[in-house]
file coords-v8.cif (mmCIF, C-alpha atoms)
data_run
loop_
_atom_site.label_atom_id
_atom_site.label_comp_id
_atom_site.auth_asym_id
_atom_site.auth_seq_id
_atom_site.Cartn_x
_atom_site.Cartn_y
_atom_site.Cartn_z
CA MET A 1 4.65 73.41 187.22
CA THR A 2 5.44 71.69 190.51
CA GLU A 3 5.31 73.69 193.74
CA ASP A 4 9.12 73.74 193.80
CA GLU A 5 9.28 75.08 190.27
CA LYS A 6 6.68 77.69 191.08
CA PHE A 7 8.64 78.80 194.12
CA PHE A 8 11.84 79.27 192.08
CA ALA A 9 10.00 80.88 189.19
CA TRP A 10 8.71 83.39 191.73
CA LEU A 11 12.22 83.91 193.06
CA ASP A 12 13.46 84.59 189.53
CA GLY A 13 10.67 87.02 188.75
CA GLU A 14 9.09 84.66 186.23
CA LEU A 15 5.58 84.47 187.70
CA GLY A 16 2.64 86.65 186.72
CA PRO A 17 1.29 89.08 189.36
CA ALA A 18 -1.54 86.81 190.57
CA GLU A 19 0.67 83.77 191.06
CA ALA A 20 3.41 85.88 192.58
CA ALA A 21 0.99 87.29 195.16
CA GLU A 22 -0.11 83.76 195.97
CA MET A 23 3.49 82.71 196.55
CA GLU A 24 4.21 85.74 198.71
CA ALA A 25 1.21 84.89 200.87
CA LYS A 26 2.61 81.40 201.28
CA LEU A 27 6.02 82.70 202.32
CA ALA A 28 4.47 85.02 204.87
CA VAL A 29 3.15 82.07 206.84
CA ASP A 30 5.95 79.60 206.16
CA PRO A 31 9.29 80.56 207.73
CA ARG A 32 10.95 77.46 206.24
CA LEU A 33 10.06 78.69 202.75
CA ALA A 34 11.12 82.24 203.58
CA ARG A 35 14.49 80.97 204.74
CA LEU A 36 14.90 78.91 201.58
CA ALA A 37 14.22 82.01 199.48
CA GLU A 38 16.88 83.85 201.41
CA GLN A 39 19.42 81.06 200.93
CA HIS A 40 18.80 80.86 197.22
CA ARG A 41 19.00 84.62 196.77
CA ALA A 42 22.36 84.52 198.53
CA LEU A 43 23.48 81.63 196.32
CA GLY A 44 22.48 83.57 193.21
CA SER A 45 24.40 86.67 194.18
CA ARG A 46 27.36 84.57 195.23
CA LEU A 47 27.45 82.90 191.82
CA LYS A 48 27.22 86.26 190.08
CA SER A 49 29.95 87.85 192.11
CA ALA A 50 32.21 84.83 191.72
CA PHE A 51 31.98 84.81 187.92
CA ASP A 52 31.59 88.53 187.22
CA PRO A 53 35.31 89.30 187.44
CA ILE A 54 35.76 87.20 184.30
CA ALA A 55 33.41 89.47 182.39
CA THR A 56 35.17 92.61 183.63
CA ALA A 57 38.73 91.36 183.12
CA PRO A 58 40.44 92.34 179.86
CA VAL A 59 39.91 89.69 177.21
CA PRO A 60 43.24 88.06 176.25
CA ASN A 61 44.55 89.32 172.94
CA HIS A 62 44.53 85.97 171.21
CA LEU A 63 40.78 85.71 171.76
CA GLN A 64 40.18 89.09 170.15
CA ALA A 65 42.44 88.37 167.20
CA PRO A 66 39.76 86.92 164.89
CA LEU A 67 37.87 90.21 165.28
CA ARG A 68 40.76 92.43 164.25
CA PRO A 69 42.20 93.12 160.85
CA SER A 70 45.70 91.70 160.77
CA GLU A 71 47.35 94.32 158.58
CA VAL A 72 48.98 97.54 159.73
CA ILE A 73 46.48 100.35 159.62
CA ASP A 74 47.21 102.59 156.66
CA PHE A 75 45.12 104.71 154.36
CA ALA A 76 43.75 101.78 152.46
CA ALA A 77 42.90 99.88 155.60
CA THR A 78 41.19 102.89 157.11
CA LYS A 79 39.11 103.23 153.98
CA ARG A 80 37.82 99.78 154.73
CA ALA A 81 36.89 101.02 158.18
CA ARG A 82 33.31 99.90 157.75
CA SER A 83 34.30 96.33 158.28
CA MET A 84 36.72 97.03 161.09
CA PRO A 85 35.98 96.33 164.73
CA SER A 86 35.88 99.17 167.18
CA LEU A 87 38.17 99.21 170.13
CA PRO A 88 37.16 97.79 173.44
CA GLN A 89 36.04 100.42 175.90
CA TRP A 90 39.03 99.96 178.14
CA ALA A 91 41.40 100.83 175.33
CA ALA A 92 39.62 104.14 174.87
CA MET A 93 39.94 104.75 178.56
CA ALA A 94 43.61 103.89 178.47
CA ALA A 95 44.00 106.32 175.58
CA THR A 96 42.38 109.06 177.61
CA LEU A 97 44.61 108.32 180.57
CA ALA A 98 47.68 108.56 178.37
CA ILE A 99 46.88 112.21 177.76
CA GLY A 100 47.49 113.21 181.34
CA VAL A 101 50.85 111.49 181.38
CA LEU A 102 51.94 113.06 178.15
CA VAL A 103 50.81 116.57 178.92
CA GLY A 104 53.08 116.47 181.90
CA THR A 105 56.04 115.39 179.82
CA PHE A 106 55.43 117.60 176.82
CA VAL A 107 58.51 119.77 176.79
CA PRO A 108 57.91 123.14 175.23
CA GLN A 109 60.62 123.74 172.68
CA ARG A 110 61.35 127.41 172.28
CA THR A 111 57.77 127.87 171.11
CA ALA A 112 54.71 127.58 173.36
CA ALA A 113 53.31 124.20 174.42
CA PRO A 114 51.28 122.54 171.66
CA VAL A 115 48.34 121.83 173.94
CA GLU A 116 46.53 123.75 176.67
CA MET A 117 43.97 122.78 179.27
CA GLN A 118 40.73 124.70 179.43
CA GLY A 119 37.69 123.75 181.45
CA GLY A 120 39.03 120.24 181.93
CA ASN A 121 39.52 119.77 178.19
CA LEU A 122 42.74 119.60 176.26
CA TYR A 123 42.93 121.83 173.18
CA ALA A 124 45.54 122.21 170.48
CA ALA A 125 47.55 125.40 170.84
CA ALA A 126 50.30 127.31 169.12
CA ALA A 127 52.01 125.48 166.26
CA LEU A 128 49.82 122.40 166.57
CA ASP A 129 46.63 124.48 166.44
CA HIS A 130 47.95 126.35 163.45
CA ALA A 131 48.94 123.16 161.64
CA LEU A 132 45.55 121.55 162.25
CA ASP A 133 43.89 124.68 160.87
CA THR A 134 45.97 125.12 157.78
CA GLN A 135 48.06 122.11 156.80
CA LEU A 136 47.17 119.44 154.31
CA ALA A 137 48.41 115.87 154.69
CA SER A 138 50.10 116.11 151.31
CA ALA A 139 52.11 119.21 152.25
CA PRO A 140 53.81 118.89 155.63
CA VAL A 141 55.34 122.11 156.89
CA GLY A 142 57.42 122.45 160.04
CA ARG A 143 57.34 119.98 162.90
CA VAL A 144 53.72 118.90 162.67
CA ARG A 145 52.54 116.32 160.17
CA ILE A 146 48.88 115.79 159.48
CA GLY A 147 47.67 112.23 158.94
CA LEU A 148 44.03 111.39 158.38
CA THR A 149 41.12 113.80 158.17
CA PHE A 150 37.60 112.43 158.64
CA ARG A 151 34.27 113.01 160.33
CA ASP A 152 33.34 111.39 163.64
CA HIS A 153 29.96 109.89 164.49
CA ALA A 154 28.67 113.29 165.57
CA GLY A 155 29.67 114.76 162.20
CA GLU A 156 32.61 116.82 163.50
CA ILE A 157 35.85 116.88 161.56
CA CYS A 158 38.80 115.11 163.17
CA ARG A 159 42.46 115.06 162.14
CA SER A 160 45.28 112.84 163.30
CA PHE A 161 48.68 114.43 163.70
CA THR A 162 52.26 113.74 164.64
CA GLN A 163 54.54 116.17 166.36
CA SER A 164 58.08 115.11 167.21
CA ALA A 165 57.72 112.15 169.57
CA SER A 166 53.93 112.17 169.90
CA SER A 167 50.95 111.51 167.76
CA GLY A 168 47.33 112.16 168.45
CA LEU A 169 43.83 112.93 167.30
CA ALA A 170 42.01 116.26 167.50
CA CYS A 171 38.40 116.98 166.60
CA ARG A 172 36.49 120.23 166.10
CA ASN A 173 34.73 121.39 169.21
CA GLY A 174 33.26 124.87 169.58
CA GLY A 175 35.53 126.34 166.91
CA ARG A 176 38.70 124.81 168.39
CA TRP A 177 40.60 121.55 168.10
CA LEU A 178 39.81 119.35 171.07
CA VAL A 179 42.54 116.78 171.59
CA ARG A 180 40.88 113.37 171.91
CA GLY A 181 44.06 111.38 172.39
CA LEU A 182 47.79 111.89 172.52
CA PHE A 183 50.32 109.07 172.43
CA ALA A 184 54.05 108.65 172.63
CA ALA A 185 55.60 107.36 169.43
CA PRO A 186 56.98 103.84 169.67
CA GLU A 187 60.66 103.60 170.49
CA GLY A 188 62.86 104.49 167.55
CA GLN A 189 60.09 106.08 165.53
CA ALA A 190 60.25 109.47 167.19
CA SER A 191 61.95 111.26 164.35
CA ASP A 192 61.04 108.89 161.59
CA TYR A 193 57.31 108.69 161.69
CA ARG A 194 55.58 107.51 158.57
CA MET A 195 51.87 107.06 158.39
CA ALA A 196 52.05 104.13 156.01
CA ALA A 197 54.72 102.42 158.07
CA GLY A 198 52.25 102.06 160.90
CA MET A 199 50.27 104.47 162.98
CA ASN A 200 50.79 104.21 166.72
CA PRO A 201 48.52 101.27 167.57
CA ASN A 202 46.72 103.20 170.30
CA LEU A 203 46.06 106.04 167.90
CA ALA A 204 44.93 103.61 165.21
CA THR A 205 42.50 102.12 167.68
CA LEU A 206 41.21 105.54 168.65
CA VAL A 207 40.81 106.55 165.00
CA ASP A 208 39.01 103.33 164.28
CA SER A 209 36.49 103.93 167.03
CA THR A 210 36.01 107.59 166.12
CA ILE A 211 35.77 107.50 162.34
CA ALA A 212 32.36 107.46 160.66
CA GLY A 213 32.71 106.31 157.07
CA GLY A 214 36.14 106.66 155.46
CA PRO A 215 38.88 109.28 155.61
CA PHE A 216 38.80 112.35 153.33
CA ASP A 217 40.74 112.24 150.13
CA ALA A 218 43.00 115.16 149.25
CA ALA A 219 40.23 117.11 147.52
CA ALA A 220 37.77 116.68 150.40
CA GLU A 221 40.47 117.61 152.89
CA LYS A 222 41.22 120.83 151.02
CA ALA A 223 37.52 121.67 150.62
CA ALA A 224 36.97 121.14 154.34
CA ARG A 225 39.85 123.48 155.16
CA ASP A 226 38.50 126.11 152.82
CA GLU A 227 35.14 125.91 154.58
CA GLY A 228 36.72 126.36 158.00
CA TRP A 229 36.43 122.68 159.11
CA ARG A 230 32.67 122.89 159.56
CA MET B 1 26.90 110.22 159.88
CA ASP B 2 26.64 107.24 162.19
CA ARG B 3 27.56 103.91 160.77
CA PRO B 4 25.77 100.90 162.19
CA LEU B 5 27.94 98.79 164.44
CA SER B 6 29.57 96.05 162.44
CA PHE B 7 29.13 92.40 163.29
CA GLU B 8 32.69 92.32 164.66
CA ASP B 9 32.02 95.40 166.81
CA GLN B 10 29.01 93.76 168.37
CA LEU B 11 30.79 90.46 168.85
CA ALA B 12 33.71 92.23 170.52
CA ALA B 13 31.31 93.93 172.91
CA LEU B 14 29.78 90.59 173.89
CA LEU B 15 33.10 88.80 174.21
CA PRO B 16 33.62 89.35 177.96
CA ARG B 17 30.17 87.94 178.77
CA LEU B 18 30.67 85.04 176.42
CA ARG B 19 33.94 84.26 178.12
CA ARG B 20 32.26 84.28 181.52
CA PHE B 21 29.78 81.72 180.21
CA ALA B 22 32.65 79.55 178.96
CA HIS B 23 34.26 79.64 182.40
CA ALA B 24 31.01 78.54 183.99
CA LEU B 25 30.74 75.56 181.63
CA ALA B 26 34.30 74.35 181.16
CA ARG B 27 36.21 72.28 183.67
CA ASN B 28 39.30 74.51 183.74
CA PRO B 29 40.42 77.95 182.56
CA SER B 30 42.36 76.80 179.55
CA ASP B 31 39.42 74.74 178.31
CA ALA B 32 37.23 77.81 178.86
CA ASP B 33 39.43 80.02 176.73
CA ASP B 34 39.71 77.32 174.07
CA LEU B 35 35.94 77.15 174.03
CA THR B 36 35.71 80.94 173.75
CA GLN B 37 38.13 80.93 170.86
CA MET B 38 36.26 78.19 169.02
CA ALA B 39 32.98 80.04 169.50
CA ILE B 40 34.37 83.31 168.16
CA GLU B 41 35.87 81.61 165.15
CA ARG B 42 32.68 79.71 164.46
CA ALA B 43 30.62 82.89 164.82
CA VAL B 44 32.85 84.85 162.45
CA ARG B 45 32.73 82.02 159.92
CA SER B 46 28.98 81.60 160.07
CA GLN B 47 27.96 85.22 160.48
CA GLY B 48 25.89 84.86 157.32
CA GLN B 49 23.55 82.63 159.30
CA TRP B 50 22.84 85.25 161.93
CA GLN B 51 19.70 87.17 161.11
CA SER B 52 20.23 90.86 161.65
CA GLY B 53 17.52 92.15 163.96
CA THR B 54 17.51 89.03 166.11
CA ARG B 55 19.51 88.88 169.32
CA LEU B 56 23.16 88.38 168.63
CA ASP B 57 23.89 87.39 172.22
CA SER B 58 21.48 84.43 172.18
CA TRP B 59 22.90 83.29 168.87
CA LEU B 60 26.46 83.42 170.24
CA TYR B 61 25.61 81.64 173.47
CA LYS B 62 23.92 78.95 171.47
CA ILE B 63 27.02 78.48 169.32
CA MET B 64 29.20 78.23 172.40
CA ARG B 65 26.89 75.80 174.14
CA ASN B 66 26.70 73.50 171.13
CA LEU B 67 30.48 73.49 170.76
CA TRP B 68 30.80 72.68 174.44
CA ILE B 69 28.40 69.73 174.12
CA ASP B 70 30.41 68.47 171.14
CA THR B 71 33.59 68.74 173.18
CA ILE B 72 32.11 66.80 176.08
CA ARG B 73 30.85 64.08 173.78
CA SER B 74 34.12 63.58 171.97
CA ARG B 75 36.01 63.69 175.24
CA SER B 76 33.87 61.07 176.88
CA ARG B 77 34.40 58.78 173.89
CA LYS B 78 38.13 59.34 174.20
CA GLU B 79 38.24 58.95 177.95
CA ARG B 80 36.61 55.58 177.77
CA PHE B 81 39.93 54.39 176.43
CA GLU B 82 42.37 56.65 178.21
CA ALA B 83 43.13 57.43 181.81
CA PRO B 84 41.98 60.95 182.69
CA PRO B 85 44.84 63.44 182.53
CA ASP B 86 46.47 64.40 185.77
CA GLU B 87 44.77 67.49 187.16
CA ALA B 88 47.97 69.35 188.04
CA ALA B 89 49.64 68.58 184.73
CA ARG B 90 46.61 69.74 182.82
CA HIS B 91 46.38 73.12 184.44
CA GLY B 92 49.73 74.71 183.72
CA GLU B 93 49.50 78.41 184.36
CA ASP B 94 46.08 79.27 185.60
CA PRO B 95 44.83 82.52 184.09
CA ARG B 96 42.07 82.58 186.66
CA ASP B 97 44.64 83.46 189.29
CA LYS B 98 45.05 86.81 187.64
CA ILE B 99 41.39 87.66 187.63
CA GLU B 100 40.51 86.16 190.90
CA ALA B 101 39.04 89.26 192.46
CA SER B 102 36.64 86.82 194.06
CA ILE B 103 38.22 84.12 196.16
CA ASP B 104 34.95 82.30 195.76
CA LEU B 105 35.46 81.66 192.06
CA LYS B 106 37.40 78.41 192.33
CA ARG B 107 34.95 77.04 194.84
CA MET B 108 31.97 77.94 192.67
CA VAL B 109 33.64 76.54 189.55
CA ALA B 110 34.32 73.29 191.38
CA ALA B 111 30.71 73.07 192.51
CA MET B 112 29.43 73.81 189.00
CA GLN B 113 31.66 71.02 187.69
CA ARG B 114 29.89 68.54 189.91
CA LEU B 115 26.55 69.35 188.31
CA PRO B 116 25.44 67.28 185.32
CA ALA B 117 26.02 69.23 182.10
CA GLU B 118 22.30 69.66 181.47
CA GLN B 119 21.86 71.38 184.83
CA ARG B 120 25.09 73.34 184.65
CA GLU B 121 24.17 75.06 181.39
CA VAL B 122 20.77 76.10 182.71
CA VAL B 123 22.22 77.41 185.96
CA ALA B 124 24.90 79.33 184.03
CA LEU B 125 22.47 80.90 181.58
CA ILE B 126 19.84 81.92 184.11
CA LEU B 127 21.65 82.54 187.39
CA ILE B 128 24.97 83.83 186.05
CA GLU B 129 24.19 85.25 182.62
CA GLY B 130 20.77 86.56 183.61
CA PHE B 131 18.66 85.14 180.78
CA GLY B 132 14.96 84.50 181.31
CA TYR B 133 13.44 81.02 181.28
CA ARG B 134 11.92 81.50 177.85
CA GLU B 135 15.11 82.84 176.28
CA THR B 136 17.03 79.95 177.79
CA ALA B 137 14.49 77.41 176.54
CA GLU B 138 14.79 78.85 173.03
CA MET B 139 18.58 78.81 173.10
CA LEU B 140 18.67 75.21 174.27
CA ASP B 141 15.76 74.04 172.11
CA LEU B 142 14.00 72.69 175.17
CA PRO B 143 10.47 73.02 176.54
CA ILE B 144 10.34 75.71 179.20
CA GLY B 145 9.18 73.12 181.77
CA THR B 146 12.38 71.14 181.23
CA VAL B 147 14.47 74.25 181.77
CA SER B 148 12.55 75.05 184.91
CA SER B 149 12.93 71.56 186.42
CA ARG B 150 16.64 71.33 185.57
CA LEU B 151 17.14 74.70 187.18
CA VAL B 152 15.45 73.53 190.38
CA ARG B 153 17.66 70.45 190.56
CA GLY B 154 20.82 72.33 189.67
CA ARG B 155 20.48 75.16 192.16
CA THR B 156 19.31 72.82 194.92
CA ALA B 157 22.40 70.66 194.43
CA LEU B 158 24.63 73.76 194.34
CA LEU B 159 23.18 75.07 197.58
CA ALA B 160 23.81 71.72 199.23
CA MET B 161 27.44 71.85 198.07
CA VAL B 162 28.35 75.42 198.92
CA GLY B 163 25.56 76.64 201.17
CA GLU B 164 27.31 76.05 204.46
CA GLN B 165 30.78 77.20 203.37
#

call {"tool": "encode", "arguments": {"input": "coords-v8.cif", "output": "structure tokens"}}
result
Amino acid sequence: MTEDEKFFAWLDGELGPAEAAEMEAKLAVDPRLARLAEQHRALGSRLKSAFDPIATAPVPNHLQAPLRPSEVIDFAATKRARSMPSLPQWAAMAATLAIGVLVGTFVPQRTAAPVEMQGGNLYAAAALDHALDTQLASAPVGRVRIGLTFRDHAGEICRSFTQSASSGLACRNGGRWLVRGLFAAPEGQASDYRMAAGMNPNLATLVDSTIAGGPFDAAAEKAARDEGWR
Amino acid sequence: MDRPLSFEDQLAALLPRLRRFAHALARNPSDADDLTQMAIERAVRSQGQWQSGTRLDSWLYKIMRNLWIDTIRSRSRKERFEAPPDEAARHGEDPRDKIEASIDLKRMVAAMQRLPAEQREVVALILIEGFGYRETAEMLDLPIGTVSSRLVRGRTALLAMVGEQ
């Protein structure tokens, strides 16, 4: 290694302790070298901060396309969830943000609001809570339709649901249904929601990142209900 | 109940960093995104060649770097016979404008472009992407001494170009 190379290796933290100490001793008595170290440290952080915004900007969709399944997410696709990509972090964050907006616009219809805030968390309430507790996907009753039932990575049971113009995902948390995400139905689908016709893409993304293994079949769904969603 | 992260999951997580590397290598933003796209497609196609348990990031960077070298080589063959395209015409819409949180980016990209490719890749991997000398040497299939000397030349030239600005 030349002296120059040794100097930069020191700057980059690549020297062993003995050689590093030697270099530091040299810098202590050589202001020219000390100034050079300073300039190169500044150059390094300038390079980092110039290029870092690229790594924090959202990746354009067309670049992510090869990593996504192209078909609409339906039961069969979700069963293949093992090979599906998870959502980028920012999508999860966007999903969380959507909750706040929707809670504000959730209009209680005659009955009580379907969600309630408690300790900073959003829980299913009233008809939604009841539907999550009792309904099976195969037997929709009333305004709430249940979609997928599955376990998350922590082993808790989660269920996706649709209620009038919104759809969302709720998971068991301390004996209640914690709402993990709530999304407005796409235009024109408000009253005509069909799981197989295409889950709200945000919800599909949230489900994809939450699901561990595949969704329950009808028998497993019923058994889970009978055991109190434990 | 946890399932291991799939190959696609892990690739998606590395995508932003990989894209940053592409922007440090390529001469303009659209070339950088083309390079990113080629690298992702190549990685997905050849995922059987990645050995689980080894570092996926190094493997991906290596794919991208090799594709970039191929691109440079075929371009220089082509450009021997053709006039270089007009800079303004080539750019079109510049996606970098949208992510230009740092006004320094264009200046640094321009400076990087003036480095020889062999120095640029070493500077990008070590000073921007944060790899160690040894990891970089392994990715580039070079002796560590070669990496170290190219890095010295590259960063010294960069400082001379942008140091006083």

call {"tool": "residues_around", "arguments": {"input": "coords-v8.cif", "residues": "Leu47 of chain A", "least_positions_apart": "5", "cutoff": "8 Å", "atoms": "all atoms listed in the file", "output": "list in words"}}
result
Met108, Leu127 and Ile128 of chain B

call {"tool": "interface_residues", "arguments": {"input": "coords-v8.cif", "of": "chain B", "to": "chain A", "cutoff": "8 Å", "atoms": "only C-alpha atoms", "output": "VMD selection string"}}
result
chain B and resid 1 to 3 6 8 to 9 11 to 13 15 to 20 23 to 24 33 36 to 37 40 to 41 44 99 to 105 108 127 to 128 132 to 133 145 148 to 149 152 155 159 163

call {"tool": "resolve_selection", "arguments": {"input": "coords-v8.cif", "expression": "the PyMOL selection byres ((chain A and resi 118-132) around 8)", "output": "PyMOL selection string"}}
result
chain A and resi 111-117+133-135+144-146+159+161+163+170+176-180

call {"tool": "write_last_selection", "arguments": {"input": "coords-v8.cif", "atoms": "C-alpha atoms", "output": "PDB file, in the coordinates of the input"}}
result
ATOM      1  CA  THR A 111      57.770 127.870 171.110  1.00  0.00           C
ATOM      2  CA  ALA A 112      54.710 127.580 173.360  1.00  0.00           C
ATOM      3  CA  ALA A 113      53.310 124.200 174.420  1.00  0.00           C
ATOM      4  CA  PRO A 114      51.280 122.540 171.660  1.00  0.00           C
ATOM      5  CA  VAL A 115      48.340 121.830 173.940  1.00  0.00           C
ATOM      6  CA  GLU A 116      46.530 123.750 176.670  1.00  0.00           C
ATOM      7  CA  MET A 117      43.970 122.780 179.270  1.00  0.00           C
ATOM      8  CA  ASP A 133      43.890 124.680 160.870  1.00  0.00           C
ATOM      9  CA  THR A 134      45.970 125.120 157.780  1.00  0.00           C
ATOM     10  CA  GLN A 135      48.060 122.110 156.800  1.00  0.00           C
ATOM     11  CA  VAL A 144      53.720 118.900 162.670  1.00  0.00           C
ATOM     12  CA  ARG A 145      52.540 116.320 160.170  1.00  0.00           C
ATOM     13  CA  ILE A 146      48.880 115.790 159.480  1.00  0.00           C
ATOM     14  CA  ARG A 159      42.460 115.060 162.140  1.00  0.00           C
ATOM     15  CA  PHE A 161      48.680 114.430 163.700  1.00  0.00           C
ATOM     16  CA  GLN A 163      54.540 116.170 166.360  1.00  0.00           C
ATOM     17  CA  ALA A 170      42.010 116.260 167.500  1.00  0.00           C
ATOM     18  CA  ARG A 176      38.700 124.810 168.390  1.00  0.00           C
ATOM     19  CA  TRP A 177      40.600 121.550 168.100  1.00  0.00           C
ATOM     20  CA  LEU A 178      39.810 119.350 171.070  1.00  0.00           C
ATOM     21  CA  VAL A 179      42.540 116.780 171.590  1.00  0.00           C
ATOM     22  CA  ARG A 180      40.880 113.370 171.910  1.00  0.00           C
TER      23      ARG A 180
END

call {"tool": "resolve_selection", "arguments": {"input": "coords-v8.cif", "expression": "the PyMOL selection byres ((chain B and resi 69) around 12)", "output": "list in words"}}
result
Ala22, Leu25, Ala26, Leu35, Lys62, Ile63, Met64, Arg65, Asn66, Leu67, Trp68, Asp70, Thr71, Ile72, Arg73, Ser74, Arg75, Ser76, Pro116, Ala117, Glu118, Arg120, Glu121 and Leu140 of chain B

call {"tool": "write_last_selection", "arguments": {"input": "coords-v8.cif", "atoms": "C-alpha atoms", "output": "mmCIF file, keeping the file's coordinate frame"}}
result
data_model
loop_
_atom_site.group_PDB
_atom_site.id
_atom_site.type_symbol
_atom_site.label_atom_id
_atom_site.label_comp_id
_atom_site.auth_asym_id
_atom_site.auth_seq_id
_atom_site.Cartn_x
_atom_site.Cartn_y
_atom_site.Cartn_z
ATOM 1 C CA ALA B 22 32.650 79.550 178.960
ATOM 2 C CA LEU B 25 30.740 75.560 181.630
ATOM 3 C CA ALA B 26 34.300 74.350 181.160
ATOM 4 C CA LEU B 35 35.940 77.150 174.030
ATOM 5 C CA LYS B 62 23.920 78.950 171.470
ATOM 6 C CA ILE B 63 27.020 78.480 169.320
ATOM 7 C CA MET B 64 29.200 78.230 172.400
ATOM 8 C CA ARG B 65 26.890 75.800 174.140
ATOM 9 C CA ASN B 66 26.700 73.500 171.130
ATOM 10 C CA LEU B 67 30.480 73.490 170.760
ATOM 11 C CA TRP B 68 30.800 72.680 174.440
ATOM 12 C CA ASP B 70 30.410 68.470 171.140
ATOM 13 C CA THR B 71 33.590 68.740 173.180
ATOM 14 C CA ILE B 72 32.110 66.800 176.080
ATOM 15 C CA ARG B 73 30.850 64.080 173.780
ATOM 16 C CA SER B 74 34.120 63.580 171.970
ATOM 17 C CA ARG B 75 36.010 63.690 175.240
ATOM 18 C CA SER B 76 33.870 61.070 176.880
ATOM 19 C CA PRO B 116 25.440 67.280 185.320
ATOM 20 C CA ALA B 117 26.020 69.230 182.100
ATOM 21 C CA GLU B 118 22.300 69.660 181.470
ATOM 22 C CA ARG B 120 25.090 73.340 184.650
ATOM 23 C CA GLU B 121 24.170 75.060 181.390
ATOM 24 C CA LEU B 140 18.670 75.210 174.270
#

call {"tool": "atom_distance", "arguments": {"input": "coords-v8.cif", "atom1": "atom CA of Ala224 of chain A", "atom2": "atom CA of Thr149 of chain A"}}
result
9.3 Å

call {"tool": "atom_distance", "arguments": {"input": "coords-v8.cif", "atom1": "atom CA of Gln47 of chain B", "atom2": "atom CA of Asp208 of chain A"}}
result
21.6 Å

call {"tool": "atom_distance", "arguments": {"input": "coords-v8.cif", "atom1": "atom CA of Gln49 of chain B", "atom2": "atom CA of Arg150 of chain B"}}
result
29.4 Å
